[in-house]
Amino acid sequence: MARKAKASLARAALTGASLRAMFAGAAKLLEANVEQVNALNVFPVPDGDTGTNMFLTLREVSKAACTARGDSASDVARAMADSALRQARGNSGVILSQFFKGIAEGLDGKAEFDAIDLAGALQSARDYSYQAVGKPVEGTMLTVIRRVAEVAHEDAASCATVLELLTRACAVAKETVEATPSMLPVLRQAGVVDAGGWGLYIVLEGVRRALAGESTVPAALPVAGVNGAVALSREFLAAVEHELYGYCTQLLISGRGLDVEGIRGRLMGMARSVVVVGDGAAVKVHAHTDDPGAILTFGASLGHLSQVKVDDMDAQRQGFSAMHRGKQGETKAVALVAVASGDGLRRLFESLGADVVVDGGDTMNPSVEQLLDAIQSCPSQNVILLPNNKNIVPTVVQAAGMATKSAKAVASTTIPQGIAAALSYGAEKEFDACLSDMGAALGTVKTVRVTEATRSVTLDGVEVKKGQKIGLVEESVVAAGEEAGPVLRATLEKAGLDEGQLVTLYWGKGLDGSCALSDMEILKEAFPRAEFELVNGGQAHYSYIASIE
Amino acid sequence: MPVKIVTDSLADLPQDVAKSLGIEVVPLFVRFGTEEFKDRVSLSADEFYRRLLSGQTPSTAVPAVGEFVEVYERLANNGDSIVSIHVSSKVSGTFNSAVQGAKQASVKCPIEVMDSLQASIALGLIVMAAAKSAMRGDTHAEVVQVAKGAMERSQCVTMLDTLEYLEKGGRIGKAQALLGSLLSFKPMIGLRDGEVHAFDRPRTRAKGLARLRQYAAEWSPAEGYCLMHSTTPDEAQKLLDELRSSISSQWPPFVARYGPGLGTYVGPGALGIAVLRAARPA
């Protein structure tokens with residue numbers, strides 16, 4: 001008898017009042033961790049609200065626990081489950097509501113509960129949670145619930161108290177969260193653990209702390225398996241997706257009184273995809289730039305640098321692009337090969353989806369073999385080629401005819417035509433539809449070019465001297481002069497700009513960005529009814545290539 | 001009406017249309033930070049876009065399972081059955097929440113919860129077709145069949161002013177290929193097999209408008225169609241007036257607005273068309 005009494009005392013059964021305190025503690029701890037959980041959220045959609053959803057749900061659950069009519073474990077658990085059902089927010093909230101439903105069912109009719117009761121309730125919680133999701137995916141909060149339920153089931157008999165069981169549950173929850181990247185590839189790619197899983201661990205940890213009487217001020221917990229900075233990788237990922245060129249530069253600046261806003265502002269002027277996070281003592285910087293040295297020098301002027309990482313994104317580009325469009329090795333319905341020269345134009349075609357850009361242009365005809373190689377390396381049996389130069393059209397047509405794959409040329413004779421066609425390209429379109437869309441796009445742009453006369457001659461009635469800039473509309477010379485900017489303006493005047501037309505200027509030979517920018521400002525004043533966009537083309541031979549559409 | 005029709009606020013059905021067809025609309029939540037509203041109920045489109053344009057960042061959350069339980073239990077009192085048609089499960093958890101609600105509701109009548117694989121008024125048109133069928137007095141099975149048929153024929157395309165909101169909202173889906181371009185364009189997107197896909201990349205709004213007209217012509221003849229906008233009602237009305245002569249439609253066409261829920265992802269300046277293509281004569 002004495003032994004039994006001792007065992008029951010040690011089992012220290014808990015009541016509804018305990019549940020109130022436990023989940024009030026969980027809500028508090030989760031509240032302190034909302035931002036962390038949000039930042040981890042990449043699955044199923046990276047919308048960064050898992051923490052908010054779980055917290056808003058849990059807050060209502062905790063309120064309902066306090067206002068529950070009875071004080072039995074059963075009464076309080078039922079009130080929590082009802083509230084969770086009515087108040088659940090988002091996917092994670094819905095799963096959480098099913099978790100509470102299972103707990104309520106497990107504790108139904110019980111005034112008090114012990115470790116064995118809780119283990120039973122966790123089994124129900126697991127079953128309902130899995131049912132809540134159409135297609136359960138492992139590596140998520142479901143896996144955490146499942147593992148916790150399994151361990152609770154195995155260990156309950158050997159646990160004297162609910163606290164002991166919860167301590168083991170928390171340990172296995174944390175371990176499971178740490179393992180989620182090995183179960184769900186999207187987490188691995190993003191470098192995070194599962195947000196909902198981590199949120200659930202926080203809830204269990206909050207419950208455990210409340211029960212253990214650890215009434216320490218809740219603070220954000222370091223995220224399992226991820227160092228602090230990477231927990232912000234949603235921002236990082238979004239930034240990384242955008243801009244695939246130049247050098248991806250990352251560093252940590254440590255110092256005193258660092259001005260995060262100021263650093264961000266300064267870097268925005270120096271680089272693209274700038275992400276700056278941190279506080280006065282440590283600032284993490286992520287930026288894309290053509291000149292990583294300048295960023296490092298700037299960083300070093302503010303404090304001590306560490307975790308410096310500079311990646312050549314051009315080298316990574318192919319992998320990135322493949323990831324961009326789906327999994328590596330995945331085939332497309334239609335692939336695209338473009339011929340272009342100049343870094344800017346090459347990147348431009350790639351950014352529009354070209355699988356391969358073959359080097360070529362005026363005075364630089366690619367070989368049939370180069371083109372055949374390009375066709376062969378495309379991830380599709382259907383390949384469309386854009387020659388982008390009238391002299392290259394025959395070679396491209398020839399290569400397309402010789403290829404073992406079904407390859408067709410869309411006969412773009414200028415870069416602007418090629419870009420218009422590339423904009424109508426879609427990797428998922430049907431081959432014929434894609435060909436016809438791209439072909440139709442050729443006629444939607446007018447091409448203007450500014451180049452240098454190689455000899456003194458009268459062309460199309462315009463007298464030009466060797467070395468002068470000449471302006472062409474399509475293939476006809478219409479203007480000549482000393483400076484590229486004014487010649488471009490005269491050429492655009494001859495081309496005729498209508499209301500609302502868009503002029504895209506690709507600047508190249510002999511120009512730099514600031515010079516092109518000031519030319520564009522002058523054009524904007526001269527043609528107030530047209531729109532202008534400036535792009536670094538980096539092409540040889542032409543100071544400017546412009547499209548009018 | 002024996003068969004009751006339920007949808008969610010991402011169907012973007014104008015209130016008068018929903019009311020006249022007896023459609024029950026369950027709202028999603030739209031949040032700015034921790035301020036929470038019910039889509040189209042406690043937050044108007046005007047107020048939503050005003051906040052959006054002032055730089056506030058919205059997010060959405062699916063309706064609670066309990067909302068569906070409540071609606072289903074209420075409707076079951078004076079209906080023989082319920083057909084509940086929802087936004088694509090590949091872009092929102094609303095369908096799942098509705099499925100749970102149907103499981104947990106204590107009702108005796110059958111509840112069919114359907115994943116439309118569509119969103120916005122492309123979903124709205126499917127729901128309208130189902131509601132019209134229910135109003136005609138069709139049986140539960142017939143209404144479900146009508147809805148299924150309409151799902152096959154409902155199309156939509158939207159021209160965005162910017163991808164910013166779609167990306168921020170985490171709904172870029174298969175339209176990822178639109179990201180990272182070094183040229184600006186007006187992204188044209190739509191749902192295909194329930195997922196967001198890139199359709200076209202017109203450089204200018206004028207070209208985008210021309211493309212919208214082309215899609216409209218391709219999808220004619222229509223059972224019904226609708227022009228959608230987020231902040232440009234006049235432009236939508238003008239396009240509708242132009243299209244009247246080129247698309248034949250059994251139902252009168254109308255202009256609707258991307259509500260706060262949808263607006264969270266399409267942002268200001270979005271313009272689109274949804275067409276429920278006419279059924280081929282059997």
# chains A, B, ... in the order shown; residues from 1 in each chain; ligands from 1
>>> closest_atom_pairs(of="segment 36-69 of chain B", to="segment 163-169 of chain B", cutoff="12 Å", atoms="only C-alpha atoms", output="CSV")
residue,atom,partner,partner_atom,distance
B:Leu52,CA,B:Tyr165,CA,9.9
B:Leu53,CA,B:Tyr165,CA,11.5
B:Gly55,CA,B:Tyr165,CA,11.4
B:Gln56,CA,B:Tyr165,CA,11.4
B:Thr57,CA,B:Lys168,CA,8.9
B:Pro58,CA,B:Gly169,CA,8.4
B:Ser59,CA,B:Gly169,CA,6.8
B:Thr60,CA,B:Gly169,CA,8.5
B:Ala61,CA,B:Gly169,CA,11.2
>>> residues_around(residues="segment 146-152 of chain A", least_positions_apart="3", cutoff="10 Å", atoms="only C-alpha atoms", output="count of residues only")
36
>>> residues_around(residues="segment 247-257 of chain B", least_positions_apart="6", cutoff="8 Å", atoms="only C-alpha atoms", output="PyMOL selection string")
chain B and resi 12-14+45+121+216-217+220-230+233+236-237+240+278
>>> write_last_selection(atoms="N, CA and C atoms", output="tab-separated table (two decimals), in the first residue's frame")
chain	number	residue	atom	x	y	z
B	12	ASP	N	-13.11	36.74	-55.17
B	12	ASP	CA	-13.28	38.13	-55.62
B	12	ASP	C	-14.67	38.41	-56.20
B	13	LEU	N	-15.68	37.70	-55.71
B	13	LEU	CA	-17.03	37.96	-56.22
B	13	LEU	C	-17.55	39.28	-55.66
B	14	PRO	N	-18.07	40.15	-56.55
B	14	PRO	CA	-18.70	41.37	-56.04
B	14	PRO	C	-19.86	40.98	-55.13
B	45	ALA	N	-11.61	47.30	-50.09
B	45	ALA	CA	-10.53	47.33	-51.06
B	45	ALA	C	-9.88	48.72	-51.08
B	121	ILE	N	-11.47	35.84	-59.83
B	121	ILE	CA	-12.76	35.70	-60.47
B	121	ILE	C	-12.81	34.47	-61.38
B	216	ALA	N	-8.51	37.21	-74.71
B	216	ALA	CA	-9.97	37.27	-74.70
B	216	ALA	C	-10.52	36.67	-75.99
B	217	ALA	N	-9.91	37.02	-77.11
B	217	ALA	CA	-10.39	36.52	-78.39
B	217	ALA	C	-10.20	35.00	-78.48
B	220	SER	N	-12.90	33.17	-76.51
B	220	SER	CA	-14.29	33.36	-76.93
B	220	SER	C	-14.70	32.11	-77.72
B	221	PRO	N	-15.97	31.69	-77.77
B	221	PRO	CA	-17.11	32.28	-77.08
B	221	PRO	C	-17.13	31.91	-75.59
B	222	ALA	N	-17.78	32.75	-74.82
B	222	ALA	CA	-17.76	32.58	-73.37
B	222	ALA	C	-19.15	32.29	-72.83
B	223	GLU	N	-19.14	31.57	-71.70
B	223	GLU	CA	-20.39	31.47	-70.95
B	223	GLU	C	-20.51	32.77	-70.15
B	224	GLY	N	-19.37	33.18	-69.56
B	224	GLY	CA	-19.33	34.45	-68.85
B	224	GLY	C	-17.91	34.96	-68.80
B	225	TYR	N	-17.72	36.27	-68.67
B	225	TYR	CA	-16.36	36.77	-68.46
B	225	TYR	C	-16.38	38.04	-67.63
B	226	CYS	N	-15.20	38.38	-67.18
B	226	CYS	CA	-15.12	39.47	-66.22
B	226	CYS	C	-13.76	40.16	-66.35
B	227	LEU	N	-13.76	41.48	-66.25
B	227	LEU	CA	-12.51	42.25	-66.22
B	227	LEU	C	-12.19	42.55	-64.76
B	228	MET	N	-10.90	42.41	-64.43
B	228	MET	CA	-10.48	42.59	-63.04
B	228	MET	C	-9.46	43.72	-62.95
B	229	HIS	N	-9.53	44.47	-61.86
B	229	HIS	CA	-8.51	45.49	-61.65
B	229	HIS	C	-8.26	45.62	-60.16
B	230	SER	N	-7.11	46.19	-59.81
B	230	SER	CA	-6.92	46.48	-58.38
B	230	SER	C	-7.11	47.96	-58.10
B	233	PRO	N	-10.15	51.24	-62.18
B	233	PRO	CA	-11.48	50.86	-62.63
B	233	PRO	C	-11.80	51.38	-64.04
B	236	ALA	N	-10.24	49.21	-66.72
B	236	ALA	CA	-10.94	47.93	-66.82
B	236	ALA	C	-12.27	48.10	-67.56
B	237	GLN	N	-12.99	49.18	-67.24
B	237	GLN	CA	-14.28	49.44	-67.87
B	237	GLN	C	-14.09	49.67	-69.37
B	240	LEU	N	-13.38	46.47	-71.12
B	240	LEU	CA	-14.62	45.68	-71.20
B	240	LEU	C	-15.48	46.19	-72.36
B	278	ALA	N	-17.37	28.91	-73.16
B	278	ALA	CA	-18.66	28.24	-73.36
B	278	ALA	C	-18.43	26.74	-73.47
>>> atom_distance(atom1="atom CA of Tyr265 of chain B", atom2="atom CA of Leu160 of chain B")
9.7 Å
>>> atom_distance(atom1="atom CA of Ala13 of chain A", atom2="atom CA of Thr161 of chain A")
7.6 Å
>>> select_by_dssp(residues="segment 96-199 of chain B", states="alpha helix (DSSP H)", output="PyMOL selection string")
chain B and resi 96-104+120-135+140-153+164-168
>>> residues_around(residues="Leu262 of chain B", least_positions_apart="5", cutoff="9 Å", atoms="only C-alpha atoms", output="ChimeraX atom specification")
/B:9-12,60,119-120,267
>>> closest_atom_pairs(of="chain B", to="chain A", cutoff="9 Å", atoms="only C-alpha atoms", output="Markdown table")
| residue | atom | partner | partner_atom | distance |
| --- | --- | --- | --- | --- |
| B:Phe29 | CA | A:Arg89 | CA | 8.3 |
| B:Gly33 | CA | A:Thr52 | CA | 9.0 |
| B:Thr34 | CA | A:Thr52 | CA | 8.0 |
| B:Ser59 | CA | A:Asp49 | CA | 7.9 |
| B:Thr60 | CA | A:Gly90 | CA | 8.2 |
| B:Ala61 | CA | A:Gly90 | CA | 4.8 |
| B:Val62 | CA | A:Gly90 | CA | 5.0 |
| B:Pro63 | CA | A:Arg89 | CA | 6.9 |
| B:Ala64 | CA | A:Ala88 | CA | 4.9 |
| B:Val65 | CA | A:Leu85 | CA | 5.8 |
| B:Gly66 | CA | A:Arg86 | CA | 4.1 |
| B:Glu67 | CA | A:Arg86 | CA | 6.4 |
| B:Val69 | CA | A:Arg86 | CA | 8.8 |
| B:Val91 | CA | A:Val45 | CA | 8.0 |
| B:Ser92 | CA | A:Asn91 | CA | 8.8 |
| B:Gly93 | CA | A:Asn91 | CA | 6.0 |
| B:Thr94 | CA | A:Gly90 | CA | 8.5 |
| B:Asn96 | CA | A:Gly134 | CA | 6.8 |
| B:Ser97 | CA | A:Val94 | CA | 7.1 |
| B:Val99 | CA | A:Ala132 | CA | 8.6 |
| B:Gln100 | CA | A:Ala132 | CA | 6.5 |
| B:Glu167 | CA | A:Ala238 | CA | 8.2 |
| B:Lys168 | CA | A:Asp47 | CA | 6.8 |
| B:Gly169 | CA | A:Asp47 | CA | 5.1 |
| B:Gly170 | CA | A:Asp47 | CA | 4.6 |
| B:Arg171 | CA | A:Val45 | CA | 6.7 |
| B:Gly173 | CA | A:Val45 | CA | 8.8 |
| B:Lys174 | CA | A:Arg325 | CA | 7.9 |
| B:Ala175 | CA | A:Arg325 | CA | 9.0 |
| B:Gln176 | CA | A:His324 | CA | 6.6 |
| B:Ala177 | CA | A:Arg325 | CA | 6.1 |
| B:Leu178 | CA | A:Leu352 | CA | 7.7 |
| B:Leu179 | CA | A:His242 | CA | 6.1 |
| B:Gly180 | CA | A:His242 | CA | 4.5 |
| B:Ser181 | CA | A:Ser351 | CA | 4.7 |
| B:Leu182 | CA | A:Leu348 | CA | 5.7 |
| B:Leu183 | CA | A:Leu348 | CA | 7.4 |
| B:Ser184 | CA | A:Glu533 | CA | 8.2 |
| B:Phe185 | CA | A:Leu423 | CA | 8.9 |
| B:Ala198 | CA | A:Gly426 | CA | 8.0 |
| B:Phe199 | CA | A:Gly426 | CA | 7.7 |
| B:Asp200 | CA | A:Ser424 | CA | 6.3 |
| B:Arg201 | CA | A:Leu423 | CA | 5.7 |
| B:Pro202 | CA | A:Leu423 | CA | 7.3 |
| B:Arg203 | CA | A:Leu502 | CA | 7.9 |
| B:Thr204 | CA | A:Leu502 | CA | 7.1 |
| B:Ala206 | CA | A:Gly500 | CA | 8.3 |
| B:Lys207 | CA | A:Glu549 | CA | 9.0 |
>>> select_by_dssp(residues="segment 289-498 of chain A", states="strand (DSSP E)", output="mmCIF file with N, CA and C atoms, in the first residue's frame")
data_model
loop_
_atom_site.group_PDB
_atom_site.id
_atom_site.type_symbol
_atom_site.label_atom_id
_atom_site.label_comp_id
_atom_site.auth_asym_id
_atom_site.auth_seq_id
_atom_site.Cartn_x
_atom_site.Cartn_y
_atom_site.Cartn_z
ATOM 1 N N THR A 289 27.858 42.844 -56.148
ATOM 2 C CA THR A 289 28.628 43.962 -56.661
ATOM 3 C C THR A 289 29.646 43.480 -57.682
ATOM 4 N N HIS A 304 35.706 45.639 -37.105
ATOM 5 C CA HIS A 304 36.436 44.420 -37.403
ATOM 6 C C HIS A 304 35.602 43.542 -38.339
ATOM 7 N N LEU A 305 36.263 42.977 -39.361
ATOM 8 C CA LEU A 305 35.539 42.147 -40.314
ATOM 9 C C LEU A 305 35.723 40.670 -39.990
ATOM 10 N N SER A 306 34.645 39.905 -40.133
ATOM 11 C CA SER A 306 34.770 38.447 -40.047
ATOM 12 C C SER A 306 33.728 37.819 -40.950
ATOM 13 N N GLN A 307 33.753 36.507 -41.031
ATOM 14 C CA GLN A 307 32.835 35.752 -41.896
ATOM 15 C C GLN A 307 32.774 36.337 -43.301
ATOM 16 N N VAL A 308 33.952 36.748 -43.805
ATOM 17 C CA VAL A 308 33.984 37.337 -45.143
ATOM 18 C C VAL A 308 33.845 36.224 -46.183
ATOM 19 N N LYS A 309 32.922 36.417 -47.114
ATOM 20 C CA LYS A 309 32.694 35.406 -48.142
ATOM 21 C C LYS A 309 32.424 36.141 -49.452
ATOM 22 N N VAL A 310 33.239 35.854 -50.456
ATOM 23 C CA VAL A 310 33.020 36.472 -51.764
ATOM 24 C C VAL A 310 32.862 35.363 -52.792
ATOM 25 N N ASP A 311 31.687 35.301 -53.404
ATOM 26 C CA ASP A 311 31.438 34.249 -54.392
ATOM 27 C C ASP A 311 31.274 34.852 -55.774
ATOM 28 N N ASP A 312 31.895 34.202 -56.733
ATOM 29 C CA ASP A 312 31.740 34.623 -58.119
ATOM 30 C C ASP A 312 30.422 34.058 -58.634
ATOM 31 N N ALA A 335 14.008 24.974 -75.372
ATOM 32 C CA ALA A 335 15.207 25.657 -74.878
ATOM 33 C C ALA A 335 15.556 26.786 -75.841
ATOM 34 N N LEU A 336 16.410 27.691 -75.376
ATOM 35 C CA LEU A 336 16.729 28.873 -76.171
ATOM 36 C C LEU A 336 18.238 29.085 -76.261
ATOM 37 N N VAL A 337 18.714 29.306 -77.490
ATOM 38 C CA VAL A 337 20.117 29.654 -77.722
ATOM 39 C C VAL A 337 20.138 31.034 -78.383
ATOM 40 N N ALA A 338 20.938 31.937 -77.866
ATOM 41 C CA ALA A 338 21.034 33.261 -78.477
ATOM 42 C C ALA A 338 22.479 33.541 -78.841
ATOM 43 N N VAL A 339 22.675 34.300 -79.915
ATOM 44 C CA VAL A 339 24.019 34.739 -80.279
ATOM 45 C C VAL A 339 24.151 36.204 -79.877
ATOM 46 N N ALA A 340 25.173 36.508 -79.103
ATOM 47 C CA ALA A 340 25.394 37.901 -78.703
ATOM 48 C C ALA A 340 26.818 38.058 -78.244
ATOM 49 N N VAL A 356 21.869 28.904 -73.487
ATOM 50 C CA VAL A 356 23.248 29.109 -73.907
ATOM 51 C C VAL A 356 23.318 30.409 -74.695
ATOM 52 N N VAL A 357 24.337 31.218 -74.443
ATOM 53 C CA VAL A 357 24.579 32.390 -75.274
ATOM 54 C C VAL A 357 25.914 32.158 -75.982
ATOM 55 N N VAL A 358 25.860 32.089 -77.295
ATOM 56 C CA VAL A 358 27.063 31.852 -78.091
ATOM 57 C C VAL A 358 27.649 33.204 -78.462
ATOM 58 N N ASP A 359 28.948 33.316 -78.283
ATOM 59 C CA ASP A 359 29.624 34.566 -78.574
ATOM 60 C C ASP A 359 29.575 34.854 -80.073
ATOM 61 N N ASN A 382 13.733 20.348 -78.088
ATOM 62 C CA ASN A 382 13.300 21.443 -78.947
ATOM 63 C C ASN A 382 14.112 22.684 -78.630
ATOM 64 N N VAL A 383 14.790 23.206 -79.650
ATOM 65 C CA VAL A 383 15.671 24.338 -79.398
ATOM 66 C C VAL A 383 15.374 25.458 -80.394
ATOM 67 N N ILE A 384 15.235 26.670 -79.859
ATOM 68 C CA ILE A 384 15.045 27.833 -80.722
ATOM 69 C C ILE A 384 16.325 28.669 -80.687
ATOM 70 N N LEU A 385 16.749 29.116 -81.881
ATOM 71 C CA LEU A 385 17.982 29.907 -81.948
ATOM 72 C C LEU A 385 17.691 31.324 -82.423
ATOM 73 N N LEU A 386 18.349 32.282 -81.778
ATOM 74 C CA LEU A 386 18.230 33.688 -82.167
ATOM 75 C C LEU A 386 19.577 34.190 -82.672
ATOM 76 N N SER A 406 15.321 18.761 -82.727
ATOM 77 C CA SER A 406 14.524 19.639 -83.575
ATOM 78 C C SER A 406 14.858 21.080 -83.197
ATOM 79 N N ALA A 407 15.600 21.731 -84.060
ATOM 80 C CA ALA A 407 16.062 23.096 -83.813
ATOM 81 C C ALA A 407 15.555 24.008 -84.912
ATOM 82 N N LYS A 408 15.120 25.201 -84.525
ATOM 83 C CA LYS A 408 14.604 26.156 -85.493
ATOM 84 C C LYS A 408 15.157 27.531 -85.180
ATOM 85 N N ALA A 409 15.398 28.303 -86.226
ATOM 86 C CA ALA A 409 15.849 29.680 -86.020
ATOM 87 C C ALA A 409 14.655 30.615 -86.063
ATOM 88 N N LYS A 446 11.536 48.606 -83.402
ATOM 89 C CA LYS A 446 12.349 49.268 -84.399
ATOM 90 C C LYS A 446 13.757 49.334 -83.815
ATOM 91 N N THR A 447 14.774 49.125 -84.658
ATOM 92 C CA THR A 447 16.147 49.117 -84.154
ATOM 93 C C THR A 447 16.896 50.379 -84.571
ATOM 94 N N VAL A 448 17.536 50.994 -83.613
ATOM 95 C CA VAL A 448 18.376 52.166 -83.859
ATOM 96 C C VAL A 448 19.775 51.841 -83.347
ATOM 97 N N ARG A 449 20.811 52.223 -84.127
ATOM 98 C CA ARG A 449 22.172 51.956 -83.679
ATOM 99 C C ARG A 449 23.070 53.167 -83.928
ATOM 100 N N VAL A 450 24.051 53.336 -83.079
ATOM 101 C CA VAL A 450 25.053 54.371 -83.297
ATOM 102 C C VAL A 450 26.417 53.692 -83.322
ATOM 103 N N THR A 451 27.134 53.875 -84.426
ATOM 104 C CA THR A 451 28.447 53.239 -84.541
ATOM 105 C C THR A 451 29.433 54.245 -85.121
ATOM 106 N N GLU A 452 30.627 53.789 -85.502
ATOM 107 C CA GLU A 452 31.655 54.701 -85.990
ATOM 108 C C GLU A 452 31.911 54.406 -87.461
ATOM 109 N N VAL A 457 32.680 58.623 -96.490
ATOM 110 C CA VAL A 457 31.836 58.151 -97.572
ATOM 111 C C VAL A 457 30.466 58.824 -97.451
ATOM 112 N N THR A 458 29.705 58.825 -98.516
ATOM 113 C CA THR A 458 28.311 59.262 -98.416
ATOM 114 C C THR A 458 27.423 58.027 -98.412
ATOM 115 N N LEU A 459 26.707 57.868 -97.302
ATOM 116 C CA LEU A 459 25.859 56.691 -97.145
ATOM 117 C C LEU A 459 24.411 57.134 -97.070
ATOM 118 N N VAL A 462 23.791 60.651 -96.623
ATOM 119 C CA VAL A 462 24.408 61.362 -95.499
ATOM 120 C C VAL A 462 25.915 61.308 -95.680
ATOM 121 N N GLU A 463 26.519 62.523 -95.598
ATOM 122 C CA GLU A 463 27.963 62.571 -95.789
ATOM 123 C C GLU A 463 28.657 62.314 -94.459
ATOM 124 N N VAL A 464 29.526 61.322 -94.415
ATOM 125 C CA VAL A 464 30.217 61.038 -93.152
ATOM 126 C C VAL A 464 31.719 60.984 -93.368
ATOM 127 N N LYS A 469 30.714 59.515 -85.650
ATOM 128 C CA LYS A 469 29.626 58.617 -85.232
ATOM 129 C C LYS A 469 28.514 58.704 -86.270
ATOM 130 N N ILE A 470 27.964 57.562 -86.606
ATOM 131 C CA ILE A 470 26.828 57.574 -87.517
ATOM 132 C C ILE A 470 25.648 56.852 -86.870
ATOM 133 N N GLY A 471 24.451 57.336 -87.179
ATOM 134 C CA GLY A 471 23.250 56.744 -86.594
ATOM 135 C C GLY A 471 22.427 56.039 -87.655
ATOM 136 N N LEU A 472 21.984 54.800 -87.340
ATOM 137 C CA LEU A 472 21.185 54.026 -88.281
ATOM 138 C C LEU A 472 19.797 53.738 -87.703
ATOM 139 N N VAL A 473 18.790 53.870 -88.599
ATOM 140 C CA VAL A 473 17.468 53.340 -88.262
ATOM 141 C C VAL A 473 17.328 52.088 -89.117
ATOM 142 N N SER A 476 19.467 51.795 -92.448
ATOM 143 C CA SER A 476 19.782 53.036 -93.171
ATOM 144 C C SER A 476 20.465 54.068 -92.295
ATOM 145 N N VAL A 477 21.522 54.691 -92.849
ATOM 146 C CA VAL A 477 22.203 55.764 -92.128
ATOM 147 C C VAL A 477 21.354 57.027 -92.219
ATOM 148 N N VAL A 478 21.098 57.650 -91.075
ATOM 149 C CA VAL A 478 20.254 58.853 -91.098
ATOM 150 C C VAL A 478 20.909 60.056 -90.442
ATOM 151 N N ALA A 479 21.998 59.852 -89.709
ATOM 152 C CA ALA A 479 22.614 60.981 -89.016
ATOM 153 C C ALA A 479 24.095 60.712 -88.833
ATOM 154 N N ALA A 480 24.875 61.821 -88.720
ATOM 155 C CA ALA A 480 26.299 61.689 -88.440
ATOM 156 C C ALA A 480 26.727 62.848 -87.560
ATOM 157 N N GLY A 481 27.788 62.654 -86.796
ATOM 158 C CA GLY A 481 28.265 63.726 -85.924
ATOM 159 C C GLY A 481 29.460 63.251 -85.121
#
>>> closest_residue(among="B:Ser133, B:Ser154, B:Ser106, B:Ser54", to="Ala274 of chain B", atoms="only C-alpha atoms")
B:Ser154
>>> residues_around(residues="Lys465 of chain A", least_positions_apart="4", cutoff="7 Å", atoms="only C-alpha atoms", output="list of chain:residue names")
A:Ala453, A:Arg455, A:Ser456, A:Val457
>>> write_last_selection(atoms="N, CA and C atoms", output="PDB file, in the first residue's frame")
ATOM      1  N   ALA A 453      32.025  55.471 -88.251  1.00  0.00           N
ATOM      2  CA  ALA A 453      32.314  55.284 -89.677  1.00  0.00           C
ATOM      3  C   ALA A 453      33.756  54.826 -89.824  1.00  0.00           C
ATOM      4  N   ARG A 455      35.289  54.666 -92.753  1.00  0.00           N
ATOM      5  CA  ARG A 455      35.916  55.454 -93.814  1.00  0.00           C
ATOM      6  C   ARG A 455      35.002  56.624 -94.162  1.00  0.00           C
ATOM      7  N   SER A 456      35.564  57.612 -94.893  1.00  0.00           N
ATOM      8  CA  SER A 456      34.760  58.758 -95.300  1.00  0.00           C
ATOM      9  C   SER A 456      33.982  58.393 -96.548  1.00  0.00           C
ATOM     10  N   VAL A 457      32.680  58.623 -96.490  1.00  0.00           N
ATOM     11  CA  VAL A 457      31.836  58.151 -97.572  1.00  0.00           C
ATOM     12  C   VAL A 457      30.466  58.824 -97.451  1.00  0.00           C
TER      13      VAL A 457
END
>>> closest_residue(among="A:Ala24, A:Glu369, A:Phe55, A:Leu517", to="Met402 of chain A", atoms="only C-alpha atoms")
A:Glu369
>>> residues_around(residues="Ala403 of chain A", least_positions_apart="6", cutoff="9 Å", atoms="only C-alpha atoms", output="ChimeraX atom specification")
/A:372,375-376
>>> write_last_selection(atoms="C-alpha atoms", output="PDB file, in the first residue's frame")
ATOM      1  CA  LEU A 372      25.683  22.592 -82.747  1.00  0.00           C
ATOM      2  CA  ILE A 375      22.051  23.038 -79.265  1.00  0.00           C
ATOM      3  CA  GLN A 376      23.340  19.730 -77.929  1.00  0.00           C
TER       4      GLN A 376
END
>>> atom_distance(atom1="atom CA of Phe32 of chain B", atom2="atom CA of Thr264 of chain B")
10.2 Å
>>> decode(residues="segment 506-511 of chain A", atoms="N, CA and C atoms", output="short mmCIF file (atom, residue, chain, number, x, y, z; two decimals), in the first residue's frame")
data_model
loop_
_atom_site.label_atom_id
_atom_site.label_comp_id
_atom_site.auth_asym_id
_atom_site.auth_seq_id
_atom_site.Cartn_x
_atom_site.Cartn_y
_atom_site.Cartn_z
N TYR A 506 20.86 50.40 -74.98
CA TYR A 506 21.94 49.50 -74.55
C TYR A 506 23.24 50.22 -74.85
N TRP A 507 23.97 50.65 -73.82
CA TRP A 507 25.20 51.38 -74.08
C TRP A 507 26.40 50.44 -74.09
N GLY A 508 27.33 50.76 -74.97
CA GLY A 508 28.47 49.86 -75.13
C GLY A 508 29.74 50.61 -75.46
N LYS A 509 30.31 50.31 -76.59
CA LYS A 509 31.66 50.75 -76.96
C LYS A 509 31.94 52.23 -76.69
N GLY A 510 33.01 52.48 -75.97
CA GLY A 510 33.49 53.83 -75.77
C GLY A 510 32.71 54.65 -74.76
N LEU A 511 31.73 54.06 -74.11
CA LEU A 511 30.92 54.82 -73.15
C LEU A 511 31.07 54.24 -71.76
#
